[in-house]
Every structure is written in C-alpha cells, then in structure tokens.
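Novice: Pasting protein.cif here (mmCIF, C-alpha atoms):
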```cif
data_query
loop_
_atom_site.label_atom_id
_atom_site.label_comp_id
_atom_site.auth_asym_id
_atom_site.auth_seq_id
_atom_site.Cartn_x
_atom_site.Cartn_y
_atom_site.Cartn_z
CA MET A 1 100.31 113.07 103.82
CA SER A 2 102.97 114.90 101.82
CA ARG A 3 104.44 118.00 103.47
CA LEU A 4 106.36 120.99 102.18
CA VAL A 5 109.68 121.22 104.05
CA SER A 6 111.24 124.62 103.43
CA VAL A 7 114.91 125.40 104.07
CA GLY A 8 114.45 128.95 102.77
CA ASN A 9 114.72 132.29 104.54
CA VAL A 10 111.96 134.13 106.39
CA ILE A 11 112.81 137.80 106.81
CA VAL A 12 110.99 141.09 107.29
CA ASP A 13 109.80 142.97 104.20
CA ILE A 14 109.70 146.76 104.39
CA VAL A 15 107.53 147.43 101.35
CA MET A 16 107.21 150.91 99.85
CA ARG A 17 105.03 151.75 96.85
CA ILE A 18 106.27 154.53 94.59
CA GLY A 19 105.50 155.99 91.19
CA GLU A 20 108.99 155.36 89.88
CA LEU A 21 112.51 154.89 91.18
CA PRO A 22 114.35 158.18 91.73
CA GLU A 23 117.56 158.96 89.89
CA PRO A 24 120.81 158.22 91.78
CA GLY A 25 121.06 160.70 94.65
CA GLY A 26 117.39 161.63 94.26
CA ASP A 27 114.47 161.29 96.62
CA VAL A 28 110.86 160.18 96.42
CA ILE A 29 107.93 159.95 98.82
CA ALA A 30 106.18 156.59 98.97
CA ASP A 31 102.47 156.35 98.21
CA GLY A 32 102.13 153.66 100.89
CA SER A 33 104.18 151.23 102.95
CA GLU A 34 103.97 148.21 105.22
CA ILE A 35 106.22 146.09 107.40
CA THR A 36 105.52 142.37 107.26
CA ALA A 37 107.24 139.00 107.37
CA GLY A 38 108.11 137.81 103.88
CA GLY A 39 110.76 135.98 101.89
CA GLY A 40 110.30 132.24 102.22
CA LEU A 41 107.17 132.73 104.32
CA ASN A 42 105.18 133.58 101.19
CA THR A 43 105.83 130.18 99.59
CA MET A 44 104.86 128.39 102.78
CA VAL A 45 101.66 130.41 103.16
CA ALA A 46 100.74 129.65 99.54
CA ALA A 47 101.17 125.92 100.14
CA ARG A 48 99.18 126.11 103.39
CA ARG A 49 96.32 127.95 101.67
CA ASP A 50 96.26 125.24 99.01
CA GLY A 51 95.86 122.56 101.65
CA MET A 52 99.40 121.33 102.30
CA ASP A 53 101.06 120.82 105.69
CA VAL A 54 104.27 122.84 105.96
CA VAL A 55 107.48 122.47 107.98
CA PHE A 56 109.89 125.41 108.28
CA ALA A 57 113.49 124.24 108.75
CA GLY A 58 115.23 127.60 108.20
CA GLN A 59 116.91 129.75 110.82
CA TYR A 60 115.63 132.98 112.42
CA GLY A 61 116.71 135.42 115.11
CA THR A 62 115.85 137.39 118.22
CA GLY A 63 115.10 141.12 118.20
CA PRO A 64 112.54 143.48 116.66
CA PHE A 65 112.67 141.80 113.24
CA GLY A 66 112.89 138.35 114.80
CA ASP A 67 109.71 139.11 116.74
CA VAL A 68 107.88 139.84 113.47
CA VAL A 69 109.18 136.59 111.97
CA ARG A 70 108.32 134.47 115.00
CA ARG A 71 104.79 135.89 115.20
CA ALA A 72 104.21 135.31 111.48
CA LEU A 73 105.41 131.71 111.67
CA THR A 74 103.05 131.05 114.58
CA ASP A 75 100.10 132.73 112.84
CA SER A 76 100.70 130.86 109.57
CA GLY A 77 100.33 127.45 111.22
CA VAL A 78 103.62 125.97 109.99
CA THR A 79 105.65 123.56 112.09
CA VAL A 80 108.94 125.22 113.12
CA VAL A 81 112.01 123.00 113.50
CA GLN A 82 114.73 125.38 114.73
CA PRO A 83 114.76 127.01 118.19
CA GLY A 84 116.11 130.25 116.69
CA LEU A 85 119.28 132.19 117.46
CA LEU A 86 119.41 134.32 120.62
CA ASP A 87 122.35 136.57 119.79
CA VAL A 88 121.40 137.95 116.35
CA ASP A 89 118.26 139.47 114.83
CA SER A 90 116.50 138.31 111.67
CA GLY A 91 117.29 140.16 108.45
CA TYR A 92 115.10 142.50 106.45
CA CYS A 93 114.46 143.57 102.88
CA VAL A 94 113.47 146.96 101.50
CA ALA A 95 111.13 146.28 98.57
CA LEU A 96 110.30 149.16 96.22
CA VAL A 97 107.21 148.51 94.08
CA ASP A 98 106.73 151.05 91.27
CA ALA A 99 103.69 152.01 89.22
CA THR A 100 104.42 149.31 86.62
CA THR A 101 104.19 146.71 89.47
CA GLU A 102 107.91 145.96 89.04
CA ARG A 103 109.76 145.45 92.32
CA THR A 104 113.32 146.27 93.38
CA PHE A 105 114.87 144.62 96.45
CA VAL A 106 117.71 145.54 98.81
CA THR A 107 118.35 143.01 101.59
CA SER A 108 120.23 143.05 104.89
CA VAL A 109 121.14 139.55 106.10
CA GLY A 110 120.58 138.38 109.67
CA ALA A 111 120.11 135.08 111.48
CA GLU A 112 118.54 133.43 108.42
CA GLY A 113 122.03 133.42 106.88
CA GLN A 114 123.41 131.14 109.62
CA LEU A 115 121.68 127.84 108.89
CA THR A 116 124.15 125.04 109.65
CA ARG A 117 124.34 121.34 108.85
CA ASP A 118 123.59 120.59 112.52
CA ASP A 119 120.38 122.62 112.13
CA LEU A 120 119.38 120.67 109.02
CA ASP A 121 120.07 117.35 110.72
CA ARG A 122 117.16 118.19 113.07
CA VAL A 123 114.76 117.75 110.13
CA ALA A 124 112.92 114.40 110.18
CA LEU A 125 111.86 113.84 106.58
CA ARG A 126 109.04 111.58 105.46
CA ALA A 127 109.26 109.52 102.28
CA ASP A 128 106.74 111.62 100.34
CA ASP A 129 107.82 115.11 101.48
CA VAL A 130 108.60 117.96 99.08
CA VAL A 131 111.74 119.88 100.09
CA PHE A 132 111.81 123.50 98.89
CA VAL A 133 115.18 125.17 98.30
CA SER A 134 115.59 128.82 97.34
CA GLY A 135 118.60 130.52 95.80
CA TYR A 136 118.18 133.26 98.39
CA GLY A 137 119.29 130.75 101.03
CA LEU A 138 122.12 129.38 98.92
CA ALA A 139 123.53 132.91 98.52
CA HIS A 140 124.73 132.84 102.12
CA ALA A 141 128.01 130.99 102.54
CA VAL A 142 126.99 129.04 105.65
CA ASN A 143 123.56 128.07 104.30
CA GLY A 144 124.77 127.23 100.80
CA ALA A 145 127.39 124.74 101.91
CA ALA A 146 125.09 123.22 104.54
CA ILE A 147 122.10 122.80 102.21
CA ALA A 148 124.17 121.43 99.32
CA GLY A 149 125.75 118.83 101.56
CA TRP A 150 122.50 117.93 103.32
CA LEU A 151 120.62 117.40 100.06
CA GLY A 152 123.07 114.61 99.25
CA THR A 153 121.62 112.68 102.21
CA VAL A 154 117.95 113.30 101.36
CA PRO A 155 116.23 110.03 100.36
CA SER A 156 115.44 109.65 96.67
CA SER A 157 111.72 109.30 97.47
CA VAL A 158 111.70 112.92 98.70
CA ARG A 159 111.05 115.37 95.87
CA VAL A 160 113.28 118.48 95.80
CA LEU A 161 111.86 121.69 94.31
CA PHE A 162 114.49 124.36 93.62
CA ASP A 163 113.82 128.02 92.80
CA PRO A 164 117.19 129.61 91.93
CA SER A 165 115.97 133.18 92.70
CA PRO A 166 117.18 136.45 91.14
CA LEU A 167 120.55 135.89 92.85
CA VAL A 168 121.30 132.83 90.70
CA ASP A 169 124.24 134.44 88.89
CA THR A 170 125.95 135.17 92.23
CA LEU A 171 125.68 131.63 93.63
CA PRO A 172 128.90 129.59 94.04
CA ALA A 173 129.19 127.31 91.01
CA ALA A 174 129.81 124.20 93.09
CA VAL A 175 126.78 124.84 95.30
CA LEU A 176 124.51 125.57 92.31
CA ALA A 177 125.67 122.43 90.51
CA ALA A 178 125.17 120.20 93.55
CA VAL A 179 121.69 121.54 94.29
CA SER A 180 120.62 121.40 90.63
CA ALA A 181 121.81 117.82 90.31
CA ARG A 182 119.60 116.75 93.26
CA SER A 183 116.59 118.83 92.19
CA ASP A 184 113.60 116.91 90.85
CA VAL A 185 112.01 120.16 89.65
CA VAL A 186 113.73 123.50 88.97
CA SER A 187 111.33 126.47 88.89
CA ALA A 188 112.74 129.76 87.53
CA ASN A 189 111.37 132.98 86.10
CA SER A 190 112.37 134.21 82.64
CA ARG A 191 115.24 136.42 83.84
CA GLU A 192 116.70 133.64 85.98
CA ALA A 193 116.39 131.18 83.09
CA ARG A 194 118.40 133.45 80.83
CA LEU A 195 121.09 133.74 83.49
CA LEU A 196 121.17 129.96 83.93
CA SER A 197 121.33 129.35 80.17
CA PRO A 198 122.78 132.49 78.52
CA THR A 199 123.39 130.78 75.16
CA SER A 200 119.76 129.69 74.71
CA ALA A 201 117.92 131.67 72.04
CA THR A 202 114.45 131.13 73.53
CA LEU A 203 112.87 130.40 76.89
CA ALA A 204 111.85 126.99 75.57
CA GLU A 205 115.51 126.17 74.89
CA ALA A 206 116.52 127.56 78.27
CA THR A 207 113.96 125.37 80.02
CA ALA A 208 115.37 122.30 78.27
CA ALA A 209 118.92 123.25 79.23
CA ILE A 210 117.97 123.80 82.88
CA ALA A 211 116.16 120.45 82.96
CA ALA A 212 119.25 118.71 81.58
CA ALA A 213 121.35 120.09 84.47
CA ALA A 214 118.82 118.82 87.00
CA ARG A 215 116.97 115.51 87.05
CA GLY A 216 115.29 116.12 83.70
CA THR A 217 112.44 118.39 84.81
CA ALA A 218 112.26 122.19 84.82
CA LEU A 219 109.80 124.99 84.35
CA VAL A 220 110.24 128.65 83.46
CA ARG A 221 107.60 131.19 84.45
CA ASP A 222 107.00 133.77 81.72
CA GLY A 223 104.60 136.12 83.47
CA ALA A 224 101.12 136.42 81.97
CA ASP A 225 102.10 134.23 79.00
CA GLY A 226 102.27 131.16 81.23
CA CYS A 227 105.00 128.69 82.03
CA TRP A 228 107.35 126.60 79.90
CA VAL A 229 107.70 123.00 81.09
CA VAL A 230 110.16 120.24 80.22
CA GLU A 231 109.57 116.87 81.83
CA SER A 232 111.75 113.75 81.78
CA GLY A 233 113.61 114.59 78.58
CA GLY A 234 110.49 115.60 76.68
CA GLU A 235 109.99 118.64 74.47
CA PRO A 236 109.24 122.10 75.94
CA VAL A 237 105.51 122.75 76.41
CA LEU A 238 103.93 126.13 77.20
CA VAL A 239 101.22 125.87 79.87
CA PRO A 240 99.16 129.05 79.32
CA GLY A 241 98.64 131.70 81.96
CA PHE A 242 95.44 133.44 83.01
CA PRO A 243 94.80 137.03 81.85
CA VAL A 244 94.31 139.41 84.80
CA VAL A 245 94.95 143.06 85.63
CA ALA A 246 98.12 143.06 87.75
CA VAL A 247 98.50 145.57 90.57
CA ASP A 248 101.52 144.09 92.41
CA THR A 249 103.83 141.32 91.16
CA ASN A 250 105.62 141.01 94.51
CA GLY A 251 105.14 137.43 95.70
CA ALA A 252 103.79 136.00 92.43
CA GLY A 253 106.67 133.53 92.09
CA ASP A 254 106.25 132.52 95.73
CA ALA A 255 102.56 131.80 95.19
CA HIS A 256 103.44 129.76 92.10
CA ASP A 257 106.07 127.70 93.95
CA GLY A 258 103.87 127.02 96.98
CA VAL A 259 100.82 125.93 95.01
CA LEU A 260 103.01 123.91 92.63
CA ALA A 261 104.44 122.03 95.62
CA ALA A 262 100.99 121.43 97.09
CA ALA A 263 99.64 120.07 93.80
CA LEU A 264 102.66 117.82 93.26
CA GLY A 265 102.37 116.61 96.84
CA ARG A 266 98.79 115.52 96.15
CA GLY A 267 99.98 113.48 93.18
CA ALA A 268 99.09 115.82 90.31
CA GLY A 269 101.00 115.48 87.05
CA LEU A 270 103.50 118.23 86.35
CA GLN A 271 101.50 120.08 83.70
CA ASP A 272 98.32 119.97 85.79
CA ALA A 273 100.29 121.20 88.81
CA VAL A 274 101.78 124.04 86.75
CA ARG A 275 98.36 125.07 85.43
CA ARG A 276 97.08 125.28 89.00
CA ALA A 277 100.15 127.26 90.04
CA ASN A 278 99.63 129.61 87.07
CA ALA A 279 96.09 130.28 88.27
CA ALA A 280 97.25 130.96 91.83
CA ALA A 281 99.98 133.34 90.65
CA ALA A 282 97.47 135.18 88.45
CA LEU A 283 95.19 135.74 91.43
CA ALA A 284 98.14 136.81 93.59
CA VAL A 285 99.14 139.68 91.28
CA THR A 286 95.64 141.19 91.47
CA ARG A 287 96.24 141.97 95.16
CA THR A 288 98.60 144.31 96.97
CA GLY A 289 101.20 142.82 99.26
CA PRO A 290 103.73 139.98 99.27
CA ALA A 291 101.68 137.14 100.85
CA THR A 292 98.74 137.35 98.46
CA ALA A 293 98.37 133.69 97.46
CA PRO A 294 94.73 132.65 97.06
CA THR A 295 92.86 129.96 98.94
CA ALA A 296 92.35 126.58 97.31
CA GLU A 297 88.71 127.48 96.70
CA GLU A 298 89.66 130.68 94.87
CA THR A 299 92.11 128.81 92.68
CA ASP A 300 89.52 126.12 91.96
CA ALA A 301 87.06 128.81 90.85
CA LEU A 302 89.51 130.41 88.41
CA LEU A 303 90.44 127.03 86.97
CA ALA A 304 86.77 126.16 86.51
CA ALA A 305 86.09 129.51 84.82
CA GLY A 306 89.15 129.27 82.57
#
```
If you convert what's in this file into structure tokens, what do you get?
Specialist:
Amino acid sequence: MSRLVSVGNVIVDIVMRIGELPEPGGDVIADGSEITAGGGLNTMVAARRDGMDVVFAGQYGTGPFGDVVRRALTDSGVTVVQPGLLDVDSGYCVALVDATTERTFVTSVGAEGQLTRDDLDRVALRADDVVFVSGYGLAHAVNGAAIAGWLGTVPSSVRVLFDPSPLVDTLPAAVLAAVSARSDVVSANSREARLLSPTSATLAEATAAIAAAARGTALVRDGADGCWVVESGGEPVLVPGFPVVAVDTNGAGDAHDGVLAAALGRGAGLQDAVRRANAAAALAVTRTGPATAPTAEETDALLAAG
C-alpha cells in the first residue's frame, strides 16, 4: 500500500485570533488562543484521515515544545523514523489569525532545522511511496542541502510531491532547482506561484511555467475559485472549488496536500485527486484550528453533494 513519507517540519503552533494586526509598536488582545503541534503535522494528519499510511522522516527535539511534538506524533498514528535530538528543543511558530481569516506567521527554528543526510538515509522507501517535501524544510541550510541531495537517490517509481511554501522566494536557487527537477507534482498557492513565475500574466500561465521546471506536472491553489492544473505538458485546466463560509484558512493548504497525496497514492488521476483535495480544503476552512482536515467520509459526502 502506498504511504506518505514526509521530510517536512513538525513544530509547535502558538495560535492567536485577533480582530486585526496592530500598527507597528502597537498592542492588541487576542480573542482566543491555543498551543498545538502544527507545521508538517497537518499534512500528515490530513493524509491519515483520508486513509493513507504515513511515515514521518523529519527531525524533532527534546524540551517543552519537543514534548508537544512527540505526543502529537504518537497520537496521530504516524510511523516515526528519527530518534529525535536530545540537546535541542523543537521550534515554534506564532500564528496570528485576523477577522478576515488571513494568517500571519513568525517562526523560531529548533531541532527540525537539523535534518541531515544520515537521518534521511534511515528512510526505507517502498516503490509506490509518495514523498512530501515542503519549502519550510528547505529554508534551513542543513535540511535543504540534505533533502536536495537525498532526492537524487530516490527511485523513479517513488512520486515526489513538493509544496514550495510561502518562503519560496528565500530558498537557495540551487536547492529549489534540484528539488523542482525531481518533483513529480508541484503544489503551490497563488502567491507562491507568482513568486515562482513573476513574469506570468495569469495563474494559468504560472502553473504551466512551474510544471515546465518540474517533471511536467503542477497545480496552483486559488482559494475558493479552485485549483489550476497542468499535467504532462497539457494545457492549464481549472478544477473548481467548493463554496463555503470560511472561518479560518490556517491549514487549508496542508489539508489539500495531504488529501491530494492520499488520492494519488490510491491511483486516482490528477484532476480527480485535485477535486478531492479541493473538497477537503473547503471543509477545513469552515473549522477553527490548524489541523482541521476532514475525514474521508466527510470529503466523500461533500463530493457527492457537489
């Protein structure tokens, strides 16, 4: 059975909900807050809820934040490859979610930024696995070099799914090029697509340009409008979204990536997999919190209704 193998980061999210961001030097009282494991965990949870086995190959630490990460990994039912680092804690992210459901992140890096090639060589891949790579991991110098080099050894039968993340314009050019060239599917949001292809006039053109830099296949998530898809040198196609009332967009892209991987792992065609991922992301934004991906049954119901 196909598995999702994630080399992303799992960190702690300190989420605060506010009316609006204060001006520089200002202050604001949050309407609510929570401390939870997040980052790459959300994609793995989404895949698990859609029926896929998941392997976590990223690094994590020891300390108060590491405890949160370790407990979340155990509770989520993923297989953990690394033993963890004993001399450094896991990192954390302050996520500000305003009344428009837009989110603003500030991250402090910990053990997740110290994933080495020796760590990655512990991963025993199967021929039909889906490897998930996030730009958040590539942004760290140790991780980026290790992942880029390791992907060159990944068998061609293993599908690589790459989400460049909002940090895409800060990634080392050589690392981004190497990872893109080995990626079977690149999944970006509209902002990331414009950063990856600044000369493209439309998202459709940007999707085609991103696909050309990878192995011919890319998709660009355009919020409620749906997702642009280019497959194997074909023309851009818009796979429609599902109209919902959004209350929190934090984690929507993670839900999309996880369910996309699960559908692809079951053998779905790309457009069918994207439609399923669109439905899962739509359900995710109707709920508060980062790990809000729906169950497979909930996604099935929305697809049947739509």
Novice: From the set A:His256, A:Arg221, A:Arg3, A:Arg71, which residue has the shortest atom-to-atom contact distance to Pro240 (chain A), counting all atoms listed in the file?
Specialist: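 Checking each of A:His256, A:Arg221, A:Arg3, A:Arg71 against Pro240 (chain A), counting all atoms listed in the file, the winner is A:Arg221.
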Novice: If you apply the PyMOL selection byres ((chain A and resi 194) around 12) to this file, what residues do you get, as a list in words?
Specialist: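 Applying the expression gives Pro164, Pro166, Val168, Asp169, Ala188, Asn189, Ser190, Arg191, Glu192, Ala193, Leu195, Leu196, Ser197, Pro198, Thr199, Ser200, Ala201, Thr202, Leu203, Ala204, Glu205, Ala206, Thr207, Ala208, Ala209, Ile210, Val220, Arg221 and Asp222 of chain A.
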Novice: Care to translate the PyMOL selection byres ((chain A and resi 49) around 9) into actual residues of this file, as an NGL selection string?
Specialist: :A and (44-48 or 50-52 or 258-259 or 293-296)
Novice: Selection from above, C-alpha atoms, as a CSV table (one decimal), in the coordinates of the input, can you write it?
Specialist:
```
chain,number,residue,atom,x,y,z
A,44,MET,CA,104.9,128.4,102.8
A,45,VAL,CA,101.7,130.4,103.2
A,46,ALA,CA,100.7,129.6,99.5
A,47,ALA,CA,101.2,125.9,100.1
A,48,ARG,CA,99.2,126.1,103.4
A,50,ASP,CA,96.3,125.2,99.0
A,51,GLY,CA,95.9,122.6,101.6
A,52,MET,CA,99.4,121.3,102.3
A,258,GLY,CA,103.9,127.0,97.0
A,259,VAL,CA,100.8,125.9,95.0
A,293,ALA,CA,98.4,133.7,97.5
A,294,PRO,CA,94.7,132.6,97.1
A,295,THR,CA,92.9,130.0,98.9
A,296,ALA,CA,92.4,126.6,97.3
```
Novice: Anything within 10 Å of (124.9, 120.3, 109.2): list those residues as number ranges by chain, counting all atoms listed in the file and sticking to the file's coordinates.
Specialist: A: 115-122, 142-143, 145-150
Novice: Could you check which of A:Ala95, A:Ala305, A:Leu86, A:Val185 is closest to Thr249 (chain A), using only C-alpha atoms?
Specialist: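 Among the listed residues, the smallest separation from Thr249 (chain A) belongs to A:Ala95.
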Novice: Using only C-alpha atoms, find the one residue out of A:Gln82, A:Thr101, A:Gln59, A:Asn278 that sits nearest to Gly241 (chain A).
Specialist: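 Of A:Gln82, A:Thr101, A:Gln59, A:Asn278, the one nearest Gly241 (chain A), counting only C-alpha atoms, is A:Asn278.
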Novice: Once the PyMOL selection byres ((chain A and resi 131) around 12) has been applied to the shown file, what residues remain in the selection, as a PyMOL selection string?
Specialist: chain A and resi 2-8+43-44+54-58+120+123-130+132-134+147+150-151+154-163+179+182-186+257-258+261-262+264-265
Novice: Name all residues at most 6 Å from region 272-275 of chain A (count all atoms listed in the file; drop same-chain ones fewer than 4 positions away) and give them as a compact mmCIF listing (two decimals) with C-alpha atoms, in the frame of the given file.
Specialist:
```
# COMPACT_ATOMS: atom_id res chain seq x y z
CA LEU A 260 103.01 123.91 92.63
CA ALA A 263 99.64 120.07 93.80
CA ALA A 268 99.09 115.82 90.31
```
Novice: From the list A:Ser108, A:Ser187, A:Ser33, A:Thr292, which residue is nearest Met16 (chain A) when using only C-alpha atoms?
Specialist: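 Looking only at the distances to Met16 (chain A), the closest residue turns out to be A:Ser33.
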Novice: In Å, rounded to a single decimal, give me how far CA of Leu171 (chain A) is from CA of Gly63 (chain A).
Specialist: 28.4 Å
Novice: Using only C-alpha atoms, pick whichever of A:Pro243, A:Gly267, A:Gly84, A:Gly137 has the shortest atom-to-atom distance to Arg70 (chain A).
Specialist: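 The closest residue to Arg70 (chain A) is A:Gly84.
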Novice: Using all atoms listed in the file, which of A:Val68, A:Ala255, A:Leu219, A:Ala139 sits nearest Leu238 (chain A)?
Specialist: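 Ranked by minimum distance to Leu238 (chain A), first place goes to A:Leu219.
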Novice: Is it possible to get the residues within 8 Å of (118.8, 135.3, 111.4) (coordinates as in the file, counting all atoms listed in the file) written as a VMD selection string?
Specialist: chain A and resid 11 59 to 62 66 84 to 85 88 to 91 109 to 114
Novice: Work out how far CA of Thr153 (chain A) is from CA of Ala212 (chain A), in Å to one decimal.
Specialist: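 If I compute the distance from CA of Ala212 (chain A) to CA of Thr153 (chain A), I get 21.6 Å.
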Novice: With all atoms of region 264-273 of chain A from the file as input, state the centre and edge lengths in Å to one decimal of the axis-aligned box that has 8 Å extra on each side, as lines of an AutoDock Vina configuration file.
Specialist:
```
center_x = 100.9
center_y = 117.3
center_z = 90.3
size_x = 21.2
size_y = 23.7
size_z = 29.1
```
Novice: To one decimal place, how far is CA of Leu138 (chain A) from CA of Arg17 (chain A) in Å?
Specialist: 28.2 Å
Novice: Quick one: region 231-241 of chain A with all heavy atoms, as a PDB file, keeping the file's coordinate frame?
Specialist:
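See part28.pdb below for the written result:
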```
ATOM      1  N   GLU A 231     109.699 117.972  80.876  1.00  0.00           N
ATOM      2  CA  GLU A 231     109.570 116.870  81.830  1.00  0.00           C
ATOM      3  C   GLU A 231     110.216 115.614  81.280  1.00  0.00           C
ATOM      4  O   GLU A 231     109.916 115.189  80.155  1.00  0.00           O
ATOM      5  CB  GLU A 231     108.088 116.619  82.111  1.00  0.00           C
ATOM      6  CG  GLU A 231     107.832 115.570  83.169  1.00  0.00           C
ATOM      7  CD  GLU A 231     106.358 115.463  83.524  1.00  0.00           C
ATOM      8  OE1 GLU A 231     105.515 116.011  82.784  1.00  0.00           O
ATOM      9  OE2 GLU A 231     106.058 114.817  84.533  1.00  0.00           O
ATOM     10  N   SER A 232     111.143 115.065  82.075  1.00  0.00           N
ATOM     11  CA  SER A 232     111.750 113.750  81.780  1.00  0.00           C
ATOM     12  C   SER A 232     112.262 113.635  80.346  1.00  0.00           C
ATOM     13  O   SER A 232     111.972 112.661  79.642  1.00  0.00           O
ATOM     14  CB  SER A 232     110.726 112.637  82.056  1.00  0.00           C
ATOM     15  OG  SER A 232     110.314 112.676  83.398  1.00  0.00           O
ATOM     16  N   GLY A 233     113.002 114.649  79.896  1.00  0.00           N
ATOM     17  CA  GLY A 233     113.610 114.590  78.580  1.00  0.00           C
ATOM     18  C   GLY A 233     112.681 114.880  77.429  1.00  0.00           C
ATOM     19  O   GLY A 233     113.078 114.749  76.260  1.00  0.00           O
ATOM     20  N   GLY A 234     111.445 115.289  77.730  1.00  0.00           N
ATOM     21  CA  GLY A 234     110.490 115.600  76.680  1.00  0.00           C
ATOM     22  C   GLY A 234     110.749 116.972  76.066  1.00  0.00           C
ATOM     23  O   GLY A 234     111.702 117.674  76.411  1.00  0.00           O
ATOM     24  N   GLU A 235     109.884 117.349  75.129  1.00  0.00           N
ATOM     25  CA  GLU A 235     109.990 118.640  74.470  1.00  0.00           C
ATOM     26  C   GLU A 235     109.371 119.743  75.335  1.00  0.00           C
ATOM     27  O   GLU A 235     108.466 119.478  76.118  1.00  0.00           O
ATOM     28  CB  GLU A 235     109.293 118.600  73.104  1.00  0.00           C
ATOM     29  CG  GLU A 235     109.952 117.670  72.095  1.00  0.00           C
ATOM     30  CD  GLU A 235     111.363 118.098  71.768  1.00  0.00           C
ATOM     31  OE1 GLU A 235     111.572 119.311  71.548  1.00  0.00           O
ATOM     32  OE2 GLU A 235     112.260 117.232  71.748  1.00  0.00           O
ATOM     33  N   PRO A 236     109.834 120.989  75.178  1.00  0.00           N
ATOM     34  CA  PRO A 236     109.240 122.100  75.940  1.00  0.00           C
ATOM     35  C   PRO A 236     107.771 122.300  75.575  1.00  0.00           C
ATOM     36  O   PRO A 236     107.393 122.260  74.404  1.00  0.00           O
ATOM     37  CB  PRO A 236     110.081 123.307  75.520  1.00  0.00           C
ATOM     38  CG  PRO A 236     111.357 122.725  75.003  1.00  0.00           C
ATOM     39  CD  PRO A 236     110.993 121.417  74.380  1.00  0.00           C
ATOM     40  N   VAL A 237     106.940 122.510  76.586  1.00  0.00           N
ATOM     41  CA  VAL A 237     105.510 122.750  76.410  1.00  0.00           C
ATOM     42  C   VAL A 237     105.150 124.029  77.166  1.00  0.00           C
ATOM     43  O   VAL A 237     105.568 124.214  78.317  1.00  0.00           O
ATOM     44  CB  VAL A 237     104.675 121.573  76.953  1.00  0.00           C
ATOM     45  CG1 VAL A 237     103.178 121.894  76.891  1.00  0.00           C
ATOM     46  CG2 VAL A 237     104.984 120.299  76.181  1.00  0.00           C
ATOM     47  N   LEU A 238     104.384 124.917  76.540  1.00  0.00           N
ATOM     48  CA  LEU A 238     103.930 126.130  77.200  1.00  0.00           C
ATOM     49  C   LEU A 238     102.565 125.876  77.832  1.00  0.00           C
ATOM     50  O   LEU A 238     101.583 125.603  77.133  1.00  0.00           O
ATOM     51  CB  LEU A 238     103.832 127.299  76.223  1.00  0.00           C
ATOM     52  CG  LEU A 238     103.349 128.631  76.830  1.00  0.00           C
ATOM     53  CD1 LEU A 238     104.344 129.144  77.872  1.00  0.00           C
ATOM     54  CD2 LEU A 238     103.129 129.677  75.736  1.00  0.00           C
ATOM     55  N   VAL A 239     102.494 125.960  79.156  1.00  0.00           N
ATOM     56  CA  VAL A 239     101.220 125.870  79.870  1.00  0.00           C
ATOM     57  C   VAL A 239     100.709 127.301  80.014  1.00  0.00           C
ATOM     58  O   VAL A 239     101.344 128.114  80.693  1.00  0.00           O
ATOM     59  CB  VAL A 239     101.406 125.210  81.246  1.00  0.00           C
ATOM     60  CG1 VAL A 239     100.064 125.141  81.986  1.00  0.00           C
ATOM     61  CG2 VAL A 239     102.009 123.815  81.101  1.00  0.00           C
ATOM     62  N   PRO A 240      99.594 127.648  79.375  1.00  0.00           N
ATOM     63  CA  PRO A 240      99.160 129.050  79.320  1.00  0.00           C
ATOM     64  C   PRO A 240      98.853 129.647  80.690  1.00  0.00           C
ATOM     65  O   PRO A 240      98.477 128.940  81.631  1.00  0.00           O
ATOM     66  CB  PRO A 240      97.895 128.992  78.448  1.00  0.00           C
ATOM     67  CG  PRO A 240      97.988 127.717  77.700  1.00  0.00           C
ATOM     68  CD  PRO A 240      98.711 126.770  78.608  1.00  0.00           C
ATOM     69  N   GLY A 241      99.006 130.974  80.761  1.00  0.00           N
ATOM     70  CA  GLY A 241      98.640 131.700  81.960  1.00  0.00           C
ATOM     71  C   GLY A 241      97.186 132.125  81.927  1.00  0.00           C
ATOM     72  O   GLY A 241      96.424 131.757  81.040  1.00  0.00           O
TER      73      GLY A 241
END
```
